[in-house]
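K.L.:
Sharing data_36.pdb below, PDB, N, CA and C atoms:
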ATOM      1  N   MET A   1      14.261 -10.367  33.458
ATOM      2  CA  MET A   1      14.771 -11.443  32.645
ATOM      3  C   MET A   1      14.822 -12.749  33.429
ATOM      4  N   TRP A   2      14.901 -12.706  34.696
ATOM      5  CA  TRP A   2      15.049 -13.925  35.492
ATOM      6  C   TRP A   2      13.712 -14.416  36.029
ATOM      7  N   THR A   3      12.673 -14.278  35.237
ATOM      8  CA  THR A   3      11.361 -14.740  35.664
ATOM      9  C   THR A   3      10.934 -15.960  34.842
ATOM     10  N   LYS A   4      10.009 -16.706  35.390
ATOM     11  CA  LYS A   4       9.491 -17.885  34.701
ATOM     12  C   LYS A   4       8.802 -17.488  33.403
ATOM     13  N   LEU A   5       8.064 -16.371  33.423
ATOM     14  CA  LEU A   5       7.351 -15.900  32.241
ATOM     15  C   LEU A   5       8.317 -15.593  31.097
ATOM     16  N   PHE A   6       9.436 -14.948  31.420
ATOM     17  CA  PHE A   6      10.431 -14.622  30.401
ATOM     18  C   PHE A   6      10.978 -15.894  29.763
ATOM     19  N   TRP A   7      11.331 -16.868  30.570
ATOM     20  CA  TRP A   7      11.942 -18.086  30.038
ATOM     21  C   TRP A   7      10.935 -18.954  29.297
ATOM     22  N   LEU A   8       9.679 -18.934  29.712
ATOM     23  CA  LEU A   8       8.652 -19.655  28.955
ATOM     24  C   LEU A   8       8.513 -19.064  27.551
ATOM     25  N   GLY A   9       8.476 -17.747  27.476
ATOM     26  CA  GLY A   9       8.397 -17.076  26.176
ATOM     27  C   GLY A   9       9.631 -17.326  25.335
ATOM     28  N   THR A  10      10.791 -17.328  25.967
ATOM     29  CA  THR A  10      12.050 -17.563  25.261
ATOM     30  C   THR A  10      12.092 -18.973  24.680
ATOM     31  N   PHE A  11      11.725 -19.959  25.486
ATOM     32  CA  PHE A  11      11.771 -21.339  24.995
ATOM     33  C   PHE A  11      10.690 -21.617  23.955
ATOM     34  N   GLU A  12       9.550 -20.957  24.081
ATOM     35  CA  GLU A  12       8.523 -21.100  23.049
ATOM     36  C   GLU A  12       9.060 -20.601  21.714
ATOM     37  N   ARG A  13       9.728 -19.460  21.738
ATOM     38  CA  ARG A  13      10.298 -18.904  20.515
ATOM     39  C   ARG A  13      11.382 -19.819  19.946
ATOM     40  N   ALA A  14      12.214 -20.381  20.831
ATOM     41  CA  ALA A  14      13.295 -21.255  20.372
ATOM     42  C   ALA A  14      12.744 -22.530  19.732
ATOM     43  N   ILE A  15      11.710 -23.097  20.310
ATOM     44  CA  ILE A  15      11.113 -24.314  19.749
ATOM     45  C   ILE A  15      10.493 -24.028  18.382
ATOM     46  N   LYS A  16       9.793 -22.902  18.269
ATOM     47  CA  LYS A  16       9.204 -22.537  16.979
ATOM     48  C   LYS A  16      10.291 -22.305  15.936
ATOM     49  N   THR A  17      11.358 -21.630  16.328
ATOM     50  CA  THR A  17      12.461 -21.362  15.409
ATOM     51  C   THR A  17      13.120 -22.658  14.976
ATOM     52  N   PHE A  18      13.316 -23.588  15.923
ATOM     53  CA  PHE A  18      13.896 -24.889  15.605
ATOM     54  C   PHE A  18      13.062 -25.600  14.546
ATOM     55  N   ALA A  19      11.764 -25.648  14.762
ATOM     56  CA  ALA A  19      10.869 -26.340  13.826
ATOM     57  C   ALA A  19      10.886 -25.672  12.450
ATOM     58  N   GLN A  20      10.861 -24.348  12.427
ATOM     59  CA  GLN A  20      10.859 -23.631  11.153
ATOM     60  C   GLN A  20      12.156 -23.872  10.379
ATOM     61  N   ALA A  21      13.290 -23.837  11.083
ATOM     62  CA  ALA A  21      14.572 -24.047  10.415
ATOM     63  C   ALA A  21      14.699 -25.478   9.907
ATOM     64  N   ALA A  22      14.224 -26.439  10.692
ATOM     65  CA  ALA A  22      14.287 -27.836  10.257
ATOM     66  C   ALA A  22      13.453 -28.051   8.996
ATOM     67  N   VAL A  23      12.259 -27.511   8.976
ATOM     68  CA  VAL A  23      11.398 -27.644   7.799
ATOM     69  C   VAL A  23      12.036 -26.948   6.595
ATOM     70  N   ALA A  24      12.644 -25.794   6.815
ATOM     71  CA  ALA A  24      13.273 -25.064   5.710
ATOM     72  C   ALA A  24      14.422 -25.859   5.114
ATOM     73  N   VAL A  25      15.259 -26.460   5.944
ATOM     74  CA  VAL A  25      16.389 -27.242   5.434
ATOM     75  C   VAL A  25      15.884 -28.482   4.697
ATOM     76  N   LEU A  26      14.919 -29.164   5.292
ATOM     77  CA  LEU A  26      14.393 -30.374   4.654
ATOM     78  C   LEU A  26      13.673 -30.059   3.349
ATOM     79  N   ALA A  27      12.936 -28.967   3.318
ATOM     80  CA  ALA A  27      12.208 -28.585   2.108
ATOM     81  C   ALA A  27      13.162 -28.119   1.014
ATOM     82  N   ALA A  28      14.250 -27.483   1.406
ATOM     83  CA  ALA A  28      15.205 -26.985   0.414
ATOM     84  C   ALA A  28      15.876 -28.133  -0.339
ATOM     85  N   ASN A  29      16.042 -29.267   0.348
ATOM     86  CA  ASN A  29      16.680 -30.412  -0.307
ATOM     87  C   ASN A  29      15.713 -31.206  -1.164
ATOM     88  N   SER A  30      14.432 -31.093  -0.909
ATOM     89  CA  SER A  30      13.385 -31.766  -1.686
ATOM     90  C   SER A  30      13.707 -33.232  -1.966
ATOM     91  N   VAL A  31      13.948 -33.956  -0.903
ATOM     92  CA  VAL A  31      14.233 -35.383  -1.041
ATOM     93  C   VAL A  31      13.185 -36.171  -0.269
ATOM     94  N   GLY A  32      13.216 -37.483  -0.439
ATOM     95  CA  GLY A  32      12.273 -38.337   0.267
ATOM     96  C   GLY A  32      12.541 -38.348   1.761
ATOM     97  N   LEU A  33      11.579 -38.811   2.512
ATOM     98  CA  LEU A  33      11.661 -38.837   3.969
ATOM     99  C   LEU A  33      12.861 -39.636   4.460
ATOM    100  N   LEU A  34      13.127 -40.774   3.825
ATOM    101  CA  LEU A  34      14.238 -41.626   4.269
ATOM    102  C   LEU A  34      15.594 -41.117   3.794
ATOM    103  N   ASP A  35      15.593 -40.319   2.735
ATOM    104  CA  ASP A  35      16.839 -39.791   2.194
ATOM    105  C   ASP A  35      17.170 -38.386   2.704
ATOM    106  N   ALA A  36      16.340 -37.854   3.543
ATOM    107  CA  ALA A  36      16.524 -36.479   4.032
ATOM    108  C   ALA A  36      17.785 -36.373   4.877
ATOM    109  N   PRO A  37      18.457 -35.235   4.793
ATOM    110  CA  PRO A  37      19.666 -35.027   5.600
ATOM    111  C   PRO A  37      19.305 -34.603   7.033
ATOM    112  N   TRP A  38      18.882 -35.578   7.840
ATOM    113  CA  TRP A  38      18.390 -35.267   9.183
ATOM    114  C   TRP A  38      19.462 -34.636  10.053
ATOM    115  N   GLY A  39      20.699 -35.051   9.908
ATOM    116  CA  GLY A  39      21.789 -34.480  10.713
ATOM    117  C   GLY A  39      21.995 -33.003  10.409
ATOM    118  N   ALA A  40      22.016 -32.683   9.124
ATOM    119  CA  ALA A  40      22.196 -31.283   8.720
ATOM    120  C   ALA A  40      21.010 -30.444   9.157
ATOM    121  N   ALA A  41      19.817 -31.021   9.039
ATOM    122  CA  ALA A  41      18.619 -30.282   9.446
ATOM    123  C   ALA A  41      18.628 -30.022  10.947
ATOM    124  N   ALA A  42      18.992 -31.025  11.730
ATOM    125  CA  ALA A  42      19.043 -30.859  13.189
ATOM    126  C   ALA A  42      20.125 -29.857  13.588
ATOM    127  N   SER A  43      21.252 -29.902  12.892
ATOM    128  CA  SER A  43      22.336 -28.968  13.192
ATOM    129  C   SER A  43      21.932 -27.525  12.898
ATOM    130  N   ALA A  44      21.362 -27.291  11.732
ATOM    131  CA  ALA A  44      20.936 -25.930  11.369
ATOM    132  C   ALA A  44      19.812 -25.452  12.279
ATOM    133  N   ALA A  45      18.868 -26.345  12.582
ATOM    134  CA  ALA A  45      17.748 -25.964  13.451
ATOM    135  C   ALA A  45      18.238 -25.689  14.871
ATOM    136  N   GLY A  46      19.187 -26.477  15.334
ATOM    137  CA  GLY A  46      19.749 -26.242  16.672
ATOM    138  C   GLY A  46      20.455 -24.898  16.765
ATOM    139  N   MET A  47      21.219 -24.561  15.751
ATOM    140  CA  MET A  47      21.898 -23.255  15.740
ATOM    141  C   MET A  47      20.881 -22.125  15.693
ATOM    142  N   ALA A  48      19.828 -22.281  14.927
ATOM    143  CA  ALA A  48      18.783 -21.256  14.866
ATOM    144  C   ALA A  48      18.106 -21.096  16.222
ATOM    145  N   ALA A  49      17.875 -22.212  16.925
ATOM    146  CA  ALA A  49      17.252 -22.142  18.250
ATOM    147  C   ALA A  49      18.171 -21.439  19.247
ATOM    148  N   VAL A  50      19.468 -21.728  19.193
ATOM    149  CA  VAL A  50      20.429 -21.048  20.079
ATOM    150  C   VAL A  50      20.430 -19.549  19.796
ATOM    151  N   LEU A  51      20.426 -19.182  18.525
ATOM    152  CA  LEU A  51      20.389 -17.761  18.171
ATOM    153  C   LEU A  51      19.094 -17.109  18.637
ATOM    154  N   SER A  52      18.000 -17.839  18.596
ATOM    155  CA  SER A  52      16.726 -17.314  19.091
ATOM    156  C   SER A  52      16.809 -17.022  20.583
ATOM    157  N   VAL A  53      17.386 -17.943  21.346
ATOM    158  CA  VAL A  53      17.535 -17.734  22.792
ATOM    159  C   VAL A  53      18.437 -16.529  23.058
ATOM    160  N   LEU A  54      19.541 -16.424  22.343
ATOM    161  CA  LEU A  54      20.448 -15.287  22.539
ATOM    162  C   LEU A  54      19.778 -13.965  22.169
ATOM    163  N   THR A  55      18.977 -13.972  21.122
ATOM    164  CA  THR A  55      18.238 -12.770  20.740
ATOM    165  C   THR A  55      17.241 -12.378  21.829
ATOM    166  N   SER A  56      16.578 -13.362  22.398
ATOM    167  CA  SER A  56      15.624 -13.079  23.478
ATOM    168  C   SER A  56      16.332 -12.490  24.687
ATOM    169  N   ILE A  57      17.485 -13.039  25.034
ATOM    170  CA  ILE A  57      18.252 -12.504  26.167
ATOM    171  C   ILE A  57      18.701 -11.073  25.867
ATOM    172  N   GLY A  58      19.155 -10.833  24.637
ATOM    173  CA  GLY A  58      19.566  -9.489  24.246
ATOM    174  C   GLY A  58      18.417  -8.500  24.223
ATOM    175  N   SER A  59      17.207  -8.990  24.014
ATOM    176  CA  SER A  59      16.023  -8.131  23.956
ATOM    177  C   SER A  59      15.428  -7.854  25.330
ATOM    178  N   ALA A  60      15.913  -8.512  26.351
ATOM    179  CA  ALA A  60      15.297  -8.433  27.680
ATOM    180  C   ALA A  60      15.233  -7.012  28.227
ATOM    181  N   THR A  61      16.226  -6.201  27.948
ATOM    182  CA  THR A  61      16.241  -4.849  28.495
ATOM    183  C   THR A  61      15.604  -3.820  27.567
ATOM    184  N   ILE A  62      15.193  -4.247  26.375
ATOM    185  CA  ILE A  62      14.647  -3.306  25.404
ATOM    186  C   ILE A  62      13.127  -3.320  25.393
ATOM    187  N   GLY A  63      12.548  -4.501  25.329
ATOM    188  CA  GLY A  63      11.101  -4.623  25.227
ATOM    189  C   GLY A  63      10.416  -4.528  26.574
ATOM    190  N   GLU A  64       9.245  -5.111  26.619
ATOM    191  CA  GLU A  64       8.425  -5.097  27.830
ATOM    192  C   GLU A  64       9.048  -5.967  28.916
ATOM    193  N   HIS A  65       8.842  -5.581  30.180
ATOM    194  CA  HIS A  65       9.371  -6.340  31.315
ATOM    195  C   HIS A  65       8.816  -7.766  31.302
ATOM    196  N   ASN A  66       9.643  -8.745  31.581
ATOM    197  CA  ASN A  66       9.283 -10.173  31.596
ATOM    198  C   ASN A  66       8.914 -10.709  30.222
ATOM    199  N   SER A  67       9.391 -10.070  29.159
ATOM    200  CA  SER A  67       9.072 -10.528  27.807
ATOM    201  C   SER A  67      10.356 -10.607  26.979
ATOM    202  N   PRO A  68      10.512 -11.672  26.186
ATOM    203  CA  PRO A  68      11.680 -11.765  25.307
ATOM    204  C   PRO A  68      11.509 -10.986  24.008
ATOM    205  N   SER A  69      10.474 -10.184  23.912
ATOM    206  CA  SER A  69      10.183  -9.449  22.686
ATOM    207  C   SER A  69      10.864  -8.087  22.671
ATOM    208  N   LEU A  70      11.185  -7.622  21.474
ATOM    209  CA  LEU A  70      11.739  -6.277  21.320
ATOM    210  C   LEU A  70      10.663  -5.201  21.378
ATOM    211  N   VAL A  71       9.433  -5.567  21.132
ATOM    212  CA  VAL A  71       8.354  -4.583  21.081
ATOM    213  C   VAL A  71       7.541  -4.605  22.367
ATOM    214  N   ARG A  72       6.936  -3.494  22.630
ATOM    215  CA  ARG A  72       6.060  -3.387  23.789
ATOM    216  C   ARG A  72       4.623  -3.650  23.349
ATOM    217  N   THR A  73       3.869  -4.362  24.170
ATOM    218  CA  THR A  73       2.480  -4.626  23.822
ATOM    219  C   THR A  73       1.555  -3.559  24.361
ATOM    220  N   ALA A  74       1.987  -2.822  25.357
ATOM    221  CA  ALA A  74       1.180  -1.741  25.924
ATOM    222  C   ALA A  74       1.965  -0.443  25.790
ATOM    223  N   ALA A  75       1.294   0.599  25.354
ATOM    224  CA  ALA A  75       1.947   1.894  25.200
ATOM    225  C   ALA A  75       2.128   2.551  26.567
ATOM    226  N   PRO A  76       3.227   3.277  26.749
ATOM    227  CA  PRO A  76       3.409   4.009  28.000
ATOM    228  C   PRO A  76       2.281   5.009  28.208
ATOM    229  N   ALA A  77       2.019   5.356  29.445
ATOM    230  CA  ALA A  77       0.941   6.287  29.772
ATOM    231  C   ALA A  77       1.153   7.614  29.050
ATOM    232  N   GLY A  78       0.086   8.115  28.469
ATOM    233  CA  GLY A  78       0.136   9.419  27.817
ATOM    234  C   GLY A  78       0.598   9.372  26.371
ATOM    235  N   SER A  79       0.920   8.198  25.834
ATOM    236  CA  SER A  79       1.378   8.145  24.452
ATOM    237  C   SER A  79       0.265   7.601  23.556
ATOM    238  N   ALA A  80       0.434   7.829  22.281
ATOM    239  CA  ALA A  80      -0.555   7.346  21.311
ATOM    240  C   ALA A  80      -0.432   5.841  21.177
ATOM    241  N   THR A  81      -1.525   5.192  20.874
ATOM    242  CA  THR A  81      -1.496   3.748  20.679
ATOM    243  C   THR A  81      -1.761   3.409  19.221
ATOM    244  N   LEU A  82      -1.454   2.183  18.849
ATOM    245  CA  LEU A  82      -1.658   1.741  17.476
ATOM    246  C   LEU A  82      -2.938   0.939  17.326
ATOM    247  N   THR A  83      -3.859   1.099  18.243
ATOM    248  CA  THR A  83      -5.106   0.346  18.157
ATOM    249  C   THR A  83      -5.981   0.938  17.074
ATOM    250  N   SER A  84      -6.823   0.113  16.527
ATOM    251  CA  SER A  84      -7.714   0.596  15.479
ATOM    252  C   SER A  84      -8.868   1.377  16.096
ATOM    253  N   THR A  85      -9.424   2.253  15.300
ATOM    254  CA  THR A  85     -10.553   3.025  15.779
ATOM    255  C   THR A  85     -11.805   2.161  15.685
ATOM    256  N   PRO A  86     -12.731   2.337  16.588
ATOM    257  CA  PRO A  86     -13.947   1.521  16.521
ATOM    258  C   PRO A  86     -14.735   1.853  15.258
ATOM    259  N   PRO A  87     -15.411   0.864  14.705
ATOM    260  CA  PRO A  87     -16.178   1.131  13.483
ATOM    261  C   PRO A  87     -17.319   2.103  13.767
ATOM    262  N   ALA A  88     -17.604   2.898  12.766
ATOM    263  CA  ALA A  88     -18.695   3.870  12.912
ATOM    264  C   ALA A  88     -20.024   3.126  12.949
ATOM    265  N   THR A  89     -20.907   3.601  13.791
ATOM    266  CA  THR A  89     -22.223   2.960  13.860
ATOM    267  C   THR A  89     -23.050   3.444  12.688
ATOM    268  N   PRO A  90     -23.694   2.532  11.982
ATOM    269  CA  PRO A  90     -24.476   2.946  10.821
ATOM    270  C   PRO A  90     -25.690   3.757  11.257
ATOM    271  N   THR A  91     -26.025   4.730  10.460
ATOM    272  CA  THR A  91     -27.206   5.526  10.754
ATOM    273  C   THR A  91     -28.400   4.904  10.058
ATOM    274  N   VAL A  92     -29.437   4.698  10.793
ATOM    275  CA  VAL A  92     -30.665   4.112  10.254
ATOM    276  C   VAL A  92     -31.741   5.173  10.302
ATOM    277  N   PRO A  93     -32.381   5.428   9.174
ATOM    278  CA  PRO A  93     -33.435   6.453   9.204
ATOM    279  C   PRO A  93     -34.597   5.978  10.078
ATOM    280  N   PRO A  94     -35.251   6.914  10.742
ATOM    281  CA  PRO A  94     -36.380   6.521  11.578
ATOM    282  C   PRO A  94     -37.538   6.032  10.726
ATOM    283  N   GLY A  95     -38.334   5.198  11.296
ATOM    284  CA  GLY A  95     -39.515   4.710  10.585
ATOM    285  C   GLY A  95     -39.442   3.233  10.327
ATOM    286  N   PRO A  96     -40.474   2.703   9.710
ATOM    287  CA  PRO A  96     -40.512   1.252   9.455
ATOM    288  C   PRO A  96     -39.493   0.846   8.405
ATOM    289  N   MET A  97     -39.047  -0.391   8.531
ATOM    290  CA  MET A  97     -38.077  -0.933   7.571
ATOM    291  C   MET A  97     -38.834  -1.287   6.287
ATOM    292  N   PRO A  98     -38.266  -1.028   5.135
ATOM    293  CA  PRO A  98     -38.952  -1.366   3.859
ATOM    294  C   PRO A  98     -38.954  -2.847   3.599
TER     295      PRO A  98
END
Translate the structure described by the file into structure tokens.

P.N.:
Amino acid sequence: MWTKLFWLGTFERAIKTFAQAAVAVLAANSVGLLDAPWGAAASAAGMAAVLSVLTSIGSATIGEHNSPSLVRTAAPAGSATLTSTPPATPTVPPGPMP
């Protein structure tokens, strides 16, 4: 949790959450740009960003090492993975193409 990679991921998530919450508050009010409740939007977005950071810190011991995510991107050795199977190669009959 105390690595640069962890905090970069955490702050990236917080910035995205801030932007999403701000847009949601502004869109919900459906007012003009000059009449928008910028204070309320900034307040709600700031709280969402703080919650994002706290969630990332809480996830530090659950997910992958150095990641603020709850999920692991690599499966432990010997376990099944969720990767897709490669596509089957088409069979082409021998001979000239029609």

K.L.:
Write out as a PyMOL selection string the residues lying within 6 Å of range 14-19 of chain A, counting all atoms listed in the file and excluding same-chain residues fewer than 6 positions away.

P.N.:
chain A and resi 45-46+48-49+52-53

K.L.:
Up to 5 Å from (16.4, -11.4, 31.4) in the file's coordinates: name the residues, counting all atoms listed in the file, as a list of chain:residue names.

P.N.:
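Those within range, by chain then number, are A:Met1, A:Trp2, A:Ala60.
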
K.L.:
Separation of atom N of Ala36 in chain A and atom N of Ala24 in chain A, in Å?

P.N.:
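Computed distance, atom N of Ala36 in chain A to atom N of Ala24 in chain A, equals 13.0 Å.
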
K.L.:
Neighbours of Trp7 in chain A within 8 Å (only N, CA and C atoms; same-chain residues fewer than 5 positions away dropped), as number ranges by chain?

P.N.:
A: 1-2, 12-13, 66-68

K.L.:
What's the 6.5 Å shell around range 37-42 of chain A, counting only N, CA and C atoms, without same-chain residues fewer than 5 positions away, as a PDB file with N, CA and C atoms, in the coordinates of the input?

P.N.:
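The resulting file, part-v5.pdb, is shown below:
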ATOM      1  N   ALA A  21      13.290 -23.837  11.083  1.00  0.00           N
ATOM      2  CA  ALA A  21      14.572 -24.047  10.415  1.00  0.00           C
ATOM      3  C   ALA A  21      14.699 -25.478   9.907  1.00  0.00           C
ATOM      4  N   ALA A  22      14.224 -26.439  10.692  1.00  0.00           N
ATOM      5  CA  ALA A  22      14.287 -27.836  10.257  1.00  0.00           C
ATOM      6  C   ALA A  22      13.453 -28.051   8.996  1.00  0.00           C
ATOM      7  N   VAL A  25      15.259 -26.460   5.944  1.00  0.00           N
ATOM      8  CA  VAL A  25      16.389 -27.242   5.434  1.00  0.00           C
ATOM      9  C   VAL A  25      15.884 -28.482   4.697  1.00  0.00           C
ATOM     10  N   LEU A  26      14.919 -29.164   5.292  1.00  0.00           N
ATOM     11  CA  LEU A  26      14.393 -30.374   4.654  1.00  0.00           C
ATOM     12  C   LEU A  26      13.673 -30.059   3.349  1.00  0.00           C
ATOM     13  N   MET A  47      21.219 -24.561  15.751  1.00  0.00           N
ATOM     14  CA  MET A  47      21.898 -23.255  15.740  1.00  0.00           C
ATOM     15  C   MET A  47      20.881 -22.125  15.693  1.00  0.00           C
TER      16      MET A  47
END

K.L.:
For a test of reading the model, state the distance in Å between atom N of Leu51 in chain A and CA of Gly9 in chain A, rounded to one decimal.

P.N.:
14.4 Å
